[in-house]
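Beneath this line is the structure, given in structure tokens, with notes to follow.
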Amino acid sequence: MCRHLAYMGPPTTLKSLLIEGPHALYEQSWRPLMQRHGTVNADGFGFGWYPAPKRGGSPEAPARYRRAVPIWADANLPDLARTVRSGAVLAAVRSATEGTTQDESAAAPFQEGQWLFSHNGAVADWGTMPVTLTSEELLGVQARSDSALLWAMVLRRLRRGEQVADALAAVVGEVAAARPTARLNLLLTDGISVAATTWGDTLWYWTGEDSVTIASEPGASPADVDAAPLGTAGPATDGGVAVGPWQRVPDRCVLLASPADGVQITALPPSRPTEENGAQ
Ligand code: GLN
């Protein structure tokens, strides 16, 4: 399983968001503390960030940087992270699932227009999973991986006008019915709000004064690190791991979050295995 993170709030550097501070995503790549599958996340990494909106203009599409090397092995990263600032970021470190592409095309975030997407989990036999995509949508799948296929399924719904949280919930329902063992922690943003699902692995959130951070495991939140250092407020530990003011998202939920509206969490309906898979 990978580790992923989304942040919305006052503009901050990628360095303070992803690299600095206790148990940042950077450290989670070689020392995840809550990851349920896999040991390290050394098969690549990526982040996408939205430029500051121009006054009165519509929001611009995000930029991405993705590599197939471990995050600690990229010599370009320190300068990039030190100088790129954004108020809306989605990032992930990858532990590749067997049978998927190893190159950077399979490193999250996946992107289309305004949207950024990441998948933490695995889908068994995804190559034979029944899907309702057009030939064009199938040819547009961005990498040879389960996550890229899920992204195509989500994207189809977004293009039809579905809301971010509804699109994720619907795809989790479809995939869990066809592949009951699938693990489906999805993360999606349009640069304004973040949607996420929990289906088989951990997810946490932290709402700061004017920020929200969603992450696979607790780490520092840049906007609040001075105000509430990790482990000094709220429930201090979870299973021996310092969690500070972070809140755990229960499994099998969909979350919708933005700095303006806070965090809403809704239980996902139980999956209904299709007949073919009902025996599992
Ligand atoms: N299955 C996805 C991949 O191969 C995600 C892996 C993960 O969560 N470790 O990239």
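Within each chain, counting starts at residue 1; across the structure tokens, chains are named A, B, ... in the order shown, with ligands numbered 1 upward in that order.
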
Neighbourhood of ligand 1 at 7 Å, counting only C-alpha atoms and all ligand atoms, reported as a CSV table (one decimal) with N, CA, C and O atoms, in the first residue's frame:
```csv
chain,number,residue,atom,x,y,z
A,1,MET,N,0.8,-1.2,0.0
A,1,MET,CA,0.0,0.0,0.0
A,1,MET,C,0.9,1.2,0.0
A,1,MET,O,1.9,1.2,0.6
A,2,CYS,N,0.4,2.2,-0.6
A,2,CYS,CA,1.1,3.5,-0.6
A,2,CYS,C,0.7,4.3,0.6
A,2,CYS,O,-0.2,3.9,1.4
A,3,ARG,N,1.3,5.5,0.7
A,3,ARG,CA,0.8,6.5,1.6
A,3,ARG,C,0.5,7.7,0.8
A,3,ARG,O,1.2,8.1,-0.1
A,94,ARG,N,4.9,5.5,-3.4
A,94,ARG,CA,4.3,4.3,-3.9
A,94,ARG,C,5.0,3.0,-3.5
A,94,ARG,O,6.3,2.9,-3.6
A,95,SER,N,4.3,2.0,-3.2
A,95,SER,CA,4.8,0.6,-3.1
A,95,SER,C,4.0,-0.1,-4.2
A,95,SER,O,2.8,-0.4,-4.0
A,96,ALA,N,4.6,-0.4,-5.3
A,96,ALA,CA,3.9,-1.0,-6.4
A,96,ALA,C,3.3,-2.3,-6.2
A,96,ALA,O,3.9,-3.2,-5.6
A,97,THR,N,2.1,-2.5,-6.6
A,97,THR,CA,1.4,-3.8,-6.6
A,97,THR,C,2.0,-4.7,-7.7
A,97,THR,O,2.3,-4.2,-8.8
A,98,GLU,N,2.2,-6.0,-7.4
A,98,GLU,CA,2.7,-6.9,-8.4
A,98,GLU,C,1.9,-6.9,-9.7
A,98,GLU,O,0.7,-6.8,-9.6
A,100,THR,N,2.0,-4.6,-11.9
A,100,THR,CA,1.7,-3.2,-12.4
A,100,THR,C,3.0,-2.6,-13.0
A,100,THR,O,4.1,-3.0,-12.7
A,106,ALA,N,2.8,5.2,-13.7
A,106,ALA,CA,1.9,4.6,-12.7
A,106,ALA,C,2.0,5.2,-11.3
A,106,ALA,O,1.4,4.8,-10.3
A,107,ALA,N,2.9,6.3,-11.2
A,107,ALA,CA,3.0,7.0,-9.9
A,107,ALA,C,1.9,8.0,-9.8
A,107,ALA,O,1.7,8.8,-10.7
A,119,HIS,N,-4.6,6.4,-5.5
A,119,HIS,CA,-5.2,5.1,-4.9
A,119,HIS,C,-4.2,4.5,-4.0
A,119,HIS,O,-3.1,4.2,-4.4
A,120,ASN,N,-4.6,4.2,-2.8
A,120,ASN,CA,-3.8,3.4,-1.9
A,120,ASN,C,-4.6,2.1,-1.7
A,120,ASN,O,-5.7,2.1,-1.2
A,121,GLY,N,-4.0,1.0,-2.2
A,121,GLY,CA,-4.6,-0.3,-2.2
A,121,GLY,C,-4.3,-1.2,-3.3
A,121,GLY,O,-3.3,-0.9,-4.0
A,122,ALA,N,-5.1,-2.2,-3.5
A,122,ALA,CA,-4.8,-3.1,-4.6
A,122,ALA,C,-6.1,-3.8,-5.0
A,122,ALA,O,-7.0,-4.0,-4.2
A,123,VAL,N,-6.2,-4.1,-6.3
A,123,VAL,CA,-7.4,-4.8,-6.8
A,123,VAL,C,-6.9,-6.1,-7.4
A,123,VAL,O,-6.1,-6.1,-8.4
A,145,SER,N,-1.9,-0.3,-14.6
A,145,SER,CA,-2.0,-0.6,-13.2
A,145,SER,C,-3.5,-0.5,-12.8
A,145,SER,O,-4.3,0.1,-13.5
A,146,ASP,N,-3.8,-1.2,-11.6
A,146,ASP,CA,-5.1,-1.2,-11.1
A,146,ASP,C,-5.5,0.3,-10.8
A,146,ASP,O,-6.7,0.7,-11.1
A,147,SER,N,-4.6,1.1,-10.3
A,147,SER,CA,-5.0,2.5,-9.9
A,147,SER,C,-5.4,3.3,-11.1
A,147,SER,O,-6.3,4.1,-11.0
```

- Query: Using only C-alpha atoms, which residues sit within 12 Å of Val171 (chain A) once same-chain residues fewer than 5 positions away are excluded, as a ChimeraX atom specification?
  - Reply: /A:119,131-132,147,149-158,162,164-166,176-179,182,184-186,196-197,199,254,268,271

Where does region 97-216 of chain A meet region 11-17 of chain A within 12 Å, residue by residue, with the nearest atom pair and distance in Å to one decimal for each, counting only C-alpha atoms, listed by chain and rising number, as a Markdown table?
```
| residue | atom | partner | partner_atom | distance |
| --- | --- | --- | --- | --- |
| A:Asp210 | CA | A:Pro11 | CA | 10.9 |
| A:Ser211 | CA | A:Pro11 | CA | 9.8 |
| A:Val212 | CA | A:Leu17 | CA | 11.9 |
| A:Thr213 | CA | A:Leu17 | CA | 9.7 |
| A:Ile214 | CA | A:Leu17 | CA | 11.8 |
| A:Ala215 | CA | A:Leu17 | CA | 11.4 |
```

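Take CA of Ala81 (chain A) and CA of Val243 (chain A): the distance between them is 24.6 Å.
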
Closest atom pairs, region 165-225 of chain A residues within 10 Å of region 41-50 of chain A, only C-alpha atoms, as a tab-separated table:
```
residue	atom	partner	partner_atom	distance
A:Asp190	CA	A:Tyr50	CA	9.2
A:Gly191	CA	A:Tyr50	CA	6.5
A:Ile192	CA	A:Tyr50	CA	9.7
```

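With only C-alpha atoms as the atoms that count, the minimum distance from Ala88 (chain A) to the choices A:Pro130, A:Pro62, A:Pro22, A:Gly57 is reached by A:Pro62.
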
Identify, with DSSP run on backbone atoms, the residues in region 78-241 of chain A assigned to helix (DSSP H, G or I), and express the list as a tab-separated table (two decimals) with all heavy atoms, in the first residue's frame.
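Saved file states-v7.tsv follows:
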```tsv
chain	number	residue	atom	x	y	z
A	78	PRO	N	15.06	18.44	-3.35
A	78	PRO	CA	15.24	19.49	-2.33
A	78	PRO	C	14.99	20.90	-2.86
A	78	PRO	O	14.26	21.67	-2.23
A	78	PRO	CB	16.69	19.28	-1.88
A	78	PRO	CG	16.94	17.83	-2.12
A	78	PRO	CD	16.17	17.50	-3.37
A	79	ASP	N	15.55	21.23	-4.03
A	79	ASP	CA	15.36	22.60	-4.55
A	79	ASP	C	13.93	22.84	-5.00
A	79	ASP	O	13.37	23.92	-4.80
A	79	ASP	CB	16.31	22.86	-5.72
A	79	ASP	CG	17.71	23.22	-5.22
A	79	ASP	OD1	17.84	23.56	-4.01
A	79	ASP	OD2	18.66	23.14	-6.01
A	80	LEU	N	13.35	21.81	-5.61
A	80	LEU	CA	11.97	21.94	-6.07
A	80	LEU	C	11.05	22.16	-4.87
A	80	LEU	O	10.22	23.08	-4.86
A	80	LEU	CB	11.60	20.64	-6.79
A	80	LEU	CG	10.41	20.65	-7.70
A	80	LEU	CD1	10.60	21.67	-8.82
A	80	LEU	CD2	10.22	19.26	-8.30
A	81	ALA	N	11.22	21.35	-3.85
A	81	ALA	CA	10.33	21.40	-2.69
A	81	ALA	C	10.50	22.70	-1.91
A	81	ALA	O	9.55	23.23	-1.33
A	81	ALA	CB	10.58	20.20	-1.79
A	82	ARG	N	11.72	23.22	-1.93
A	82	ARG	CA	12.00	24.46	-1.20
A	82	ARG	C	11.35	25.66	-1.87
A	82	ARG	O	10.97	26.63	-1.21
A	82	ARG	CB	13.53	24.63	-1.17
A	82	ARG	CG	14.07	25.79	-0.40
A	82	ARG	CD	15.60	25.71	-0.35
A	82	ARG	NE	16.23	25.65	-1.67
A	82	ARG	CZ	16.42	26.70	-2.47
A	82	ARG	NH1	16.02	27.89	-2.09
A	82	ARG	NH2	17.02	26.55	-3.64
A	83	THR	N	11.16	25.59	-3.19
A	83	THR	CA	10.73	26.79	-3.91
A	83	THR	C	9.29	26.74	-4.42
A	83	THR	O	8.75	27.77	-4.78
A	83	THR	CB	11.66	27.04	-5.11
A	83	THR	OG1	11.73	25.84	-5.88
A	83	THR	CG2	13.05	27.44	-4.66
A	104	GLU	N	7.16	5.81	-14.17
A	104	GLU	CA	6.50	6.94	-13.49
A	104	GLU	C	5.06	7.17	-13.95
A	104	GLU	O	4.31	7.87	-13.27
A	104	GLU	CB	7.33	8.21	-13.65
A	104	GLU	CG	7.31	8.77	-15.05
A	104	GLU	CD	8.31	9.90	-15.24
A	104	GLU	OE1	9.33	9.91	-14.54
A	104	GLU	OE2	8.04	10.74	-16.09
A	105	SER	N	4.68	6.55	-15.07
A	105	SER	CA	3.29	6.72	-15.51
A	105	SER	C	2.31	6.16	-14.48
A	105	SER	O	1.16	6.58	-14.41
A	105	SER	CB	3.06	6.04	-16.86
A	105	SER	OG	3.16	4.64	-16.74
A	106	ALA	N	2.79	5.22	-13.66
A	106	ALA	CA	1.89	4.60	-12.66
A	106	ALA	C	2.02	5.25	-11.29
A	106	ALA	O	1.38	4.81	-10.34
A	106	ALA	CB	2.18	3.10	-12.57
A	126	TRP	N	-7.23	-7.29	-11.67
A	126	TRP	CA	-7.86	-6.10	-12.25
A	126	TRP	C	-7.92	-6.16	-13.77
A	126	TRP	O	-8.80	-5.58	-14.38
A	126	TRP	CB	-7.13	-4.83	-11.79
A	126	TRP	CG	-5.65	-4.85	-12.05
A	126	TRP	CD1	-4.70	-5.39	-11.25
A	126	TRP	CD2	-4.97	-4.35	-13.20
A	126	TRP	NE1	-3.46	-5.24	-11.82
A	126	TRP	CE2	-3.59	-4.60	-13.01
A	126	TRP	CE3	-5.38	-3.69	-14.37
A	126	TRP	CZ2	-2.63	-4.24	-13.96
A	126	TRP	CZ3	-4.43	-3.31	-15.31
A	126	TRP	CH2	-3.06	-3.59	-15.09
A	127	GLY	N	-7.02	-6.94	-14.37
A	127	GLY	CA	-7.00	-7.03	-15.84
A	127	GLY	C	-8.22	-7.72	-16.41
A	127	GLY	O	-8.53	-7.56	-17.59
A	128	THR	N	-8.93	-8.47	-15.58
A	128	THR	CA	-10.13	-9.15	-16.07
A	128	THR	C	-11.39	-8.63	-15.38
A	128	THR	O	-12.46	-9.23	-15.49
A	128	THR	CB	-10.04	-10.68	-15.84
A	128	THR	OG1	-9.81	-10.90	-14.44
A	128	THR	CG2	-8.92	-11.30	-16.65
A	135	SER	N	-14.29	2.22	-25.65
A	135	SER	CA	-12.95	1.91	-26.19
A	135	SER	C	-12.02	3.10	-25.99
A	135	SER	O	-10.86	2.96	-25.61
A	135	SER	CB	-13.02	1.59	-27.67
A	135	SER	OG	-14.03	0.67	-27.90
A	136	GLU	N	-12.56	4.28	-26.23
A	136	GLU	CA	-11.73	5.47	-26.11
A	136	GLU	C	-11.26	5.68	-24.66
A	136	GLU	O	-10.10	6.02	-24.41
A	136	GLU	CB	-12.50	6.69	-26.59
A	136	GLU	CG	-11.58	7.85	-26.84
A	136	GLU	CD	-12.29	9.02	-27.48
A	136	GLU	OE1	-13.51	8.95	-27.70
A	136	GLU	OE2	-11.60	10.01	-27.74
A	137	GLU	N	-12.17	5.44	-23.73
A	137	GLU	CA	-11.80	5.58	-22.32
A	137	GLU	C	-10.77	4.53	-21.93
A	137	GLU	O	-9.83	4.81	-21.18
A	137	GLU	CB	-13.05	5.46	-21.43
A	137	GLU	CG	-13.93	6.70	-21.49
A	137	GLU	CD	-15.33	6.49	-20.93
A	137	GLU	OE1	-15.78	5.32	-20.81
A	137	GLU	OE2	-15.98	7.49	-20.64
A	138	LEU	N	-10.91	3.31	-22.46
A	138	LEU	CA	-9.94	2.26	-22.14
A	138	LEU	C	-8.57	2.59	-22.73
A	138	LEU	O	-7.54	2.40	-22.10
A	138	LEU	CB	-10.42	0.92	-22.68
A	138	LEU	CG	-11.45	0.21	-21.80
A	138	LEU	CD1	-12.02	-1.01	-22.50
A	138	LEU	CD2	-10.83	-0.19	-20.46
A	139	LEU	N	-8.58	3.12	-23.95
A	139	LEU	CA	-7.30	3.49	-24.58
A	139	LEU	C	-6.66	4.68	-23.87
A	139	LEU	O	-5.46	4.90	-23.98
A	139	LEU	CB	-7.51	3.81	-26.06
A	139	LEU	CG	-7.80	2.58	-26.92
A	139	LEU	CD1	-8.30	2.99	-28.30
A	139	LEU	CD2	-6.57	1.70	-27.05
A	146	ASP	N	-3.75	-1.19	-11.65
A	146	ASP	CA	-5.10	-1.16	-11.09
A	146	ASP	C	-5.55	0.27	-10.80
A	146	ASP	O	-6.67	0.67	-11.08
A	146	ASP	CB	-5.19	-2.04	-9.82
A	146	ASP	CG	-4.10	-1.74	-8.80
A	146	ASP	OD1	-3.20	-0.93	-9.08
A	146	ASP	OD2	-4.15	-2.33	-7.69
A	147	SER	N	-4.61	1.07	-10.27
A	147	SER	CA	-4.95	2.45	-9.90
A	147	SER	C	-5.36	3.27	-11.12
A	147	SER	O	-6.29	4.08	-11.04
A	147	SER	CB	-3.75	3.13	-9.22
A	147	SER	OG	-3.27	2.33	-8.18
A	148	ALA	N	-4.65	3.07	-12.24
A	148	ALA	CA	-4.97	3.83	-13.45
A	148	ALA	C	-6.35	3.43	-13.99
A	148	ALA	O	-7.10	4.26	-14.51
A	148	ALA	CB	-3.90	3.61	-14.51
A	149	LEU	N	-6.68	2.15	-13.84
A	149	LEU	CA	-8.01	1.70	-14.27
A	149	LEU	C	-9.09	2.33	-13.38
A	149	LEU	O	-10.12	2.82	-13.88
A	149	LEU	CB	-8.08	0.17	-14.19
A	149	LEU	CG	-9.38	-0.46	-14.70
A	149	LEU	CD1	-9.59	-0.16	-16.19
A	149	LEU	CD2	-9.37	-1.97	-14.47
A	150	LEU	N	-8.84	2.36	-12.09
A	150	LEU	CA	-9.80	3.01	-11.17
A	150	LEU	C	-9.96	4.48	-11.53
A	150	LEU	O	-11.06	5.03	-11.51
A	150	LEU	CB	-9.32	2.89	-9.72
A	150	LEU	CG	-9.23	1.48	-9.13
A	150	LEU	CD1	-8.65	1.54	-7.73
A	150	LEU	CD2	-10.60	0.82	-9.10
A	151	TRP	N	-8.85	5.12	-11.88
A	151	TRP	CA	-8.91	6.54	-12.25
A	151	TRP	C	-9.78	6.73	-13.50
A	151	TRP	O	-10.59	7.66	-13.59
A	151	TRP	CB	-7.50	7.08	-12.44
A	151	TRP	CG	-7.42	8.48	-12.99
A	151	TRP	CD1	-6.59	8.90	-13.98
A	151	TRP	CD2	-8.17	9.64	-12.58
A	151	TRP	NE1	-6.79	10.24	-14.23
A	151	TRP	CE2	-7.76	10.71	-13.38
A	151	TRP	CE3	-9.16	9.86	-11.63
A	151	TRP	CZ2	-8.29	12.00	-13.25
A	151	TRP	CZ3	-9.71	11.14	-11.51
A	151	TRP	CH2	-9.26	12.19	-12.30
A	152	ALA	N	-9.66	5.83	-14.46
A	152	ALA	CA	-10.51	5.94	-15.66
A	152	ALA	C	-11.98	5.80	-15.29
A	152	ALA	O	-12.85	6.49	-15.85
A	152	ALA	CB	-10.10	4.89	-16.68
A	153	MET	N	-12.27	4.92	-14.32
A	153	MET	CA	-13.66	4.73	-13.91
A	153	MET	C	-14.20	5.96	-13.17
A	153	MET	O	-15.35	6.36	-13.35
A	153	MET	CB	-13.76	3.48	-13.00
A	153	MET	CG	-13.42	2.19	-13.72
A	153	MET	SD	-13.25	0.78	-12.59
A	153	MET	CE	-14.96	0.45	-12.20
A	154	VAL	N	-13.34	6.56	-12.35
A	154	VAL	CA	-13.75	7.78	-11.62
A	154	VAL	C	-13.94	8.93	-12.61
A	154	VAL	O	-14.93	9.67	-12.57
A	154	VAL	CB	-12.69	8.15	-10.55
A	154	VAL	CG1	-12.97	9.52	-9.95
A	154	VAL	CG2	-12.65	7.08	-9.45
A	155	LEU	N	-12.98	9.05	-13.52
A	155	LEU	CA	-12.99	10.15	-14.48
A	155	LEU	C	-14.25	10.15	-15.34
A	155	LEU	O	-14.84	11.18	-15.63
A	155	LEU	CB	-11.73	10.04	-15.35
A	155	LEU	CG	-11.43	11.20	-16.27
A	155	LEU	CD1	-11.37	12.52	-15.50
A	155	LEU	CD2	-10.10	10.93	-16.98
A	156	ARG	N	-14.67	8.95	-15.73
A	156	ARG	CA	-15.89	8.84	-16.54
A	156	ARG	C	-17.06	9.51	-15.80
A	156	ARG	O	-17.86	10.22	-16.39
A	156	ARG	CB	-16.15	7.36	-16.79
A	156	ARG	CG	-17.58	7.03	-17.11
A	156	ARG	CD	-17.71	5.61	-17.52
A	156	ARG	NE	-18.06	5.60	-18.93
A	156	ARG	CZ	-19.01	4.82	-19.43
A	156	ARG	NH1	-19.63	3.97	-18.67
A	156	ARG	NH2	-19.32	4.87	-20.70
A	157	ARG	N	-17.13	9.27	-14.50
A	157	ARG	CA	-18.23	9.83	-13.71
A	157	ARG	C	-18.06	11.35	-13.53
A	157	ARG	O	-19.04	12.09	-13.59
A	157	ARG	CB	-18.29	9.14	-12.34
A	157	ARG	CG	-18.74	7.71	-12.47
A	157	ARG	CD	-18.71	6.97	-11.15
A	157	ARG	NE	-19.27	5.64	-11.31
A	157	ARG	CZ	-20.57	5.36	-11.27
A	157	ARG	NH1	-21.45	6.31	-11.04
A	157	ARG	NH2	-20.99	4.13	-11.46
A	158	LEU	N	-16.83	11.79	-13.32
A	158	LEU	CA	-16.60	13.24	-13.16
A	158	LEU	C	-16.98	13.98	-14.44
A	158	LEU	O	-17.59	15.05	-14.38
A	158	LEU	CB	-15.13	13.50	-12.83
A	158	LEU	CG	-14.63	12.97	-11.49
A	158	LEU	CD1	-13.11	13.16	-11.38
A	158	LEU	CD2	-15.33	13.67	-10.32
A	159	ARG	N	-16.64	13.38	-15.57
A	159	ARG	CA	-16.96	14.03	-16.85
A	159	ARG	C	-18.46	14.12	-17.07
A	159	ARG	O	-18.94	14.98	-17.80
A	159	ARG	CB	-16.31	13.26	-18.00
A	159	ARG	CG	-14.83	13.53	-18.11
A	159	ARG	CD	-14.28	12.79	-19.30
A	159	ARG	NE	-12.90	13.13	-19.58
A	159	ARG	CZ	-11.99	12.26	-19.95
A	159	ARG	NH1	-12.30	10.97	-20.06
A	159	ARG	NH2	-10.77	12.65	-20.21
A	164	VAL	N	-17.36	15.04	-6.66
A	164	VAL	CA	-16.15	14.24	-6.37
A	164	VAL	C	-16.43	13.09	-5.40
A	164	VAL	O	-16.04	11.94	-5.65
A	164	VAL	CB	-14.99	15.13	-5.87
A	164	VAL	CG1	-14.32	15.86	-7.02
A	164	VAL	CG2	-15.41	16.09	-4.78
A	165	ALA	N	-17.12	13.36	-4.31
A	165	ALA	CA	-17.35	12.30	-3.31
A	165	ALA	C	-18.28	11.23	-3.86
A	165	ALA	O	-18.09	10.03	-3.62
A	165	ALA	CB	-17.91	12.90	-2.03
A	166	ASP	N	-19.29	11.64	-4.64
A	166	ASP	CA	-20.23	10.66	-5.22
A	166	ASP	C	-19.52	9.75	-6.21
A	166	ASP	O	-19.76	8.55	-6.27
A	166	ASP	CB	-21.38	11.38	-5.95
A	166	ASP	CG	-22.22	12.20	-4.99
A	166	ASP	OD1	-22.13	11.94	-3.76
A	166	ASP	OD2	-22.93	13.10	-5.45
A	167	ALA	N	-18.62	10.34	-7.01
A	167	ALA	CA	-17.90	9.54	-8.01
A	167	ALA	C	-17.03	8.48	-7.33
A	167	ALA	O	-17.00	7.31	-7.73
A	167	ALA	CB	-17.06	10.46	-8.90
A	168	LEU	N	-16.33	8.88	-6.25
A	168	LEU	CA	-15.48	7.91	-5.55
A	168	LEU	C	-16.33	6.81	-4.92
A	168	LEU	O	-16.00	5.62	-5.02
A	168	LEU	CB	-14.66	8.60	-4.45
A	168	LEU	CG	-13.57	9.58	-4.87
A	168	LEU	CD1	-12.71	9.92	-3.66
A	168	LEU	CD2	-12.71	9.05	-6.00
A	169	ALA	N	-17.42	7.20	-4.25
A	169	ALA	CA	-18.26	6.21	-3.58
A	169	ALA	C	-18.82	5.22	-4.58
A	169	ALA	O	-18.86	4.00	-4.32
A	169	ALA	CB	-19.38	6.92	-2.83
A	170	ALA	N	-19.23	5.70	-5.74
A	170	ALA	CA	-19.82	4.82	-6.74
A	170	ALA	C	-18.79	3.82	-7.27
A	170	ALA	O	-19.08	2.63	-7.45
A	170	ALA	CB	-20.41	5.64	-7.88
A	171	VAL	N	-17.58	4.29	-7.49
A	171	VAL	CA	-16.54	3.39	-8.01
A	171	VAL	C	-16.14	2.35	-6.96
A	171	VAL	O	-15.95	1.17	-7.28
A	171	VAL	CB	-15.33	4.19	-8.54
A	171	VAL	CG1	-14.14	3.28	-8.82
A	171	VAL	CG2	-15.73	4.94	-9.81
A	172	VAL	N	-16.06	2.75	-5.70
A	172	VAL	CA	-15.77	1.77	-4.64
A	172	VAL	C	-16.87	0.70	-4.63
A	172	VAL	O	-16.58	-0.50	-4.57
A	172	VAL	CB	-15.65	2.45	-3.26
A	172	VAL	CG1	-15.66	1.42	-2.14
A	172	VAL	CG2	-14.37	3.27	-3.20
A	173	GLY	N	-18.12	1.12	-4.76
A	173	GLY	CA	-19.24	0.16	-4.78
A	173	GLY	C	-19.11	-0.81	-5.94
A	173	GLY	O	-19.23	-2.03	-5.76
A	174	GLU	N	-18.82	-0.28	-7.12
A	174	GLU	CA	-18.70	-1.14	-8.32
A	174	GLU	C	-17.55	-2.14	-8.18
A	174	GLU	O	-17.70	-3.32	-8.48
A	174	GLU	CB	-18.33	-0.25	-9.53
A	174	GLU	CG	-19.44	0.20	-10.41
A	174	GLU	CD	-18.87	1.08	-11.53
A	174	GLU	OE1	-18.22	0.55	-12.45
A	174	GLU	OE2	-19.06	2.31	-11.47
A	175	VAL	N	-16.40	-1.64	-7.75
A	175	VAL	CA	-15.20	-2.49	-7.72
A	175	VAL	C	-15.31	-3.51	-6.59
A	175	VAL	O	-14.98	-4.69	-6.76
A	175	VAL	CB	-13.92	-1.64	-7.58
A	175	VAL	CG1	-12.69	-2.52	-7.43
A	175	VAL	CG2	-13.78	-0.72	-8.79
A	176	ALA	N	-15.82	-3.09	-5.43
A	176	ALA	CA	-15.93	-4.02	-4.30
A	176	ALA	C	-16.92	-5.14	-4.62
A	176	ALA	O	-16.77	-6.26	-4.13
A	176	ALA	CB	-16.35	-3.27	-3.05
A	177	ALA	N	-17.92	-4.83	-5.45
A	177	ALA	CA	-18.88	-5.87	-5.83
A	177	ALA	C	-18.21	-6.92	-6.73
A	177	ALA	O	-18.45	-8.11	-6.60
A	177	ALA	CB	-20.07	-5.23	-6.54
A	178	ALA	N	-17.36	-6.45	-7.62
A	178	ALA	CA	-16.71	-7.36	-8.56
A	178	ALA	C	-15.48	-8.04	-7.95
A	178	ALA	O	-15.12	-9.15	-8.32
A	178	ALA	CB	-16.30	-6.60	-9.83
```

- Message: Which residue is closest to Pro109 (chain A)? Choose from A:Gly208, A:Leu77, A:Val93, A:Leu133 and count only C-alpha atoms.
- Response: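 Closest residue, counting only C-alpha atoms: A:Val93.
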
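The closest residue to Arg272 (chain A), picked from A:Thr237, A:Pro180, A:Ala63, A:Gly161 and counting only C-alpha atoms, is A:Pro180.
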
- Message: For the structure I just gave you, how does DSSP split region 150-209 of chain A - specifically, which residues are strand (DSSP E)? Reply as an NGL selection string.
- Response: :A and (183-189 or 194-198 or 204-207)

- Distance CA of Pro245 (chain A)-CA of Pro10 (chain A), one decimal place?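 So the two atoms, CA of Pro245 (chain A) and CA of Pro10 (chain A), lie 18.8 Å apart.
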
- Query: Between CA of Gly240 (chain A) and CA of Glu20 (chain A), what is the distance, to one decimal in Å?
  - Reply: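 Taking CA of Gly240 (chain A) as the start and CA of Glu20 (chain A) as the end point, the length is 21.7 Å.
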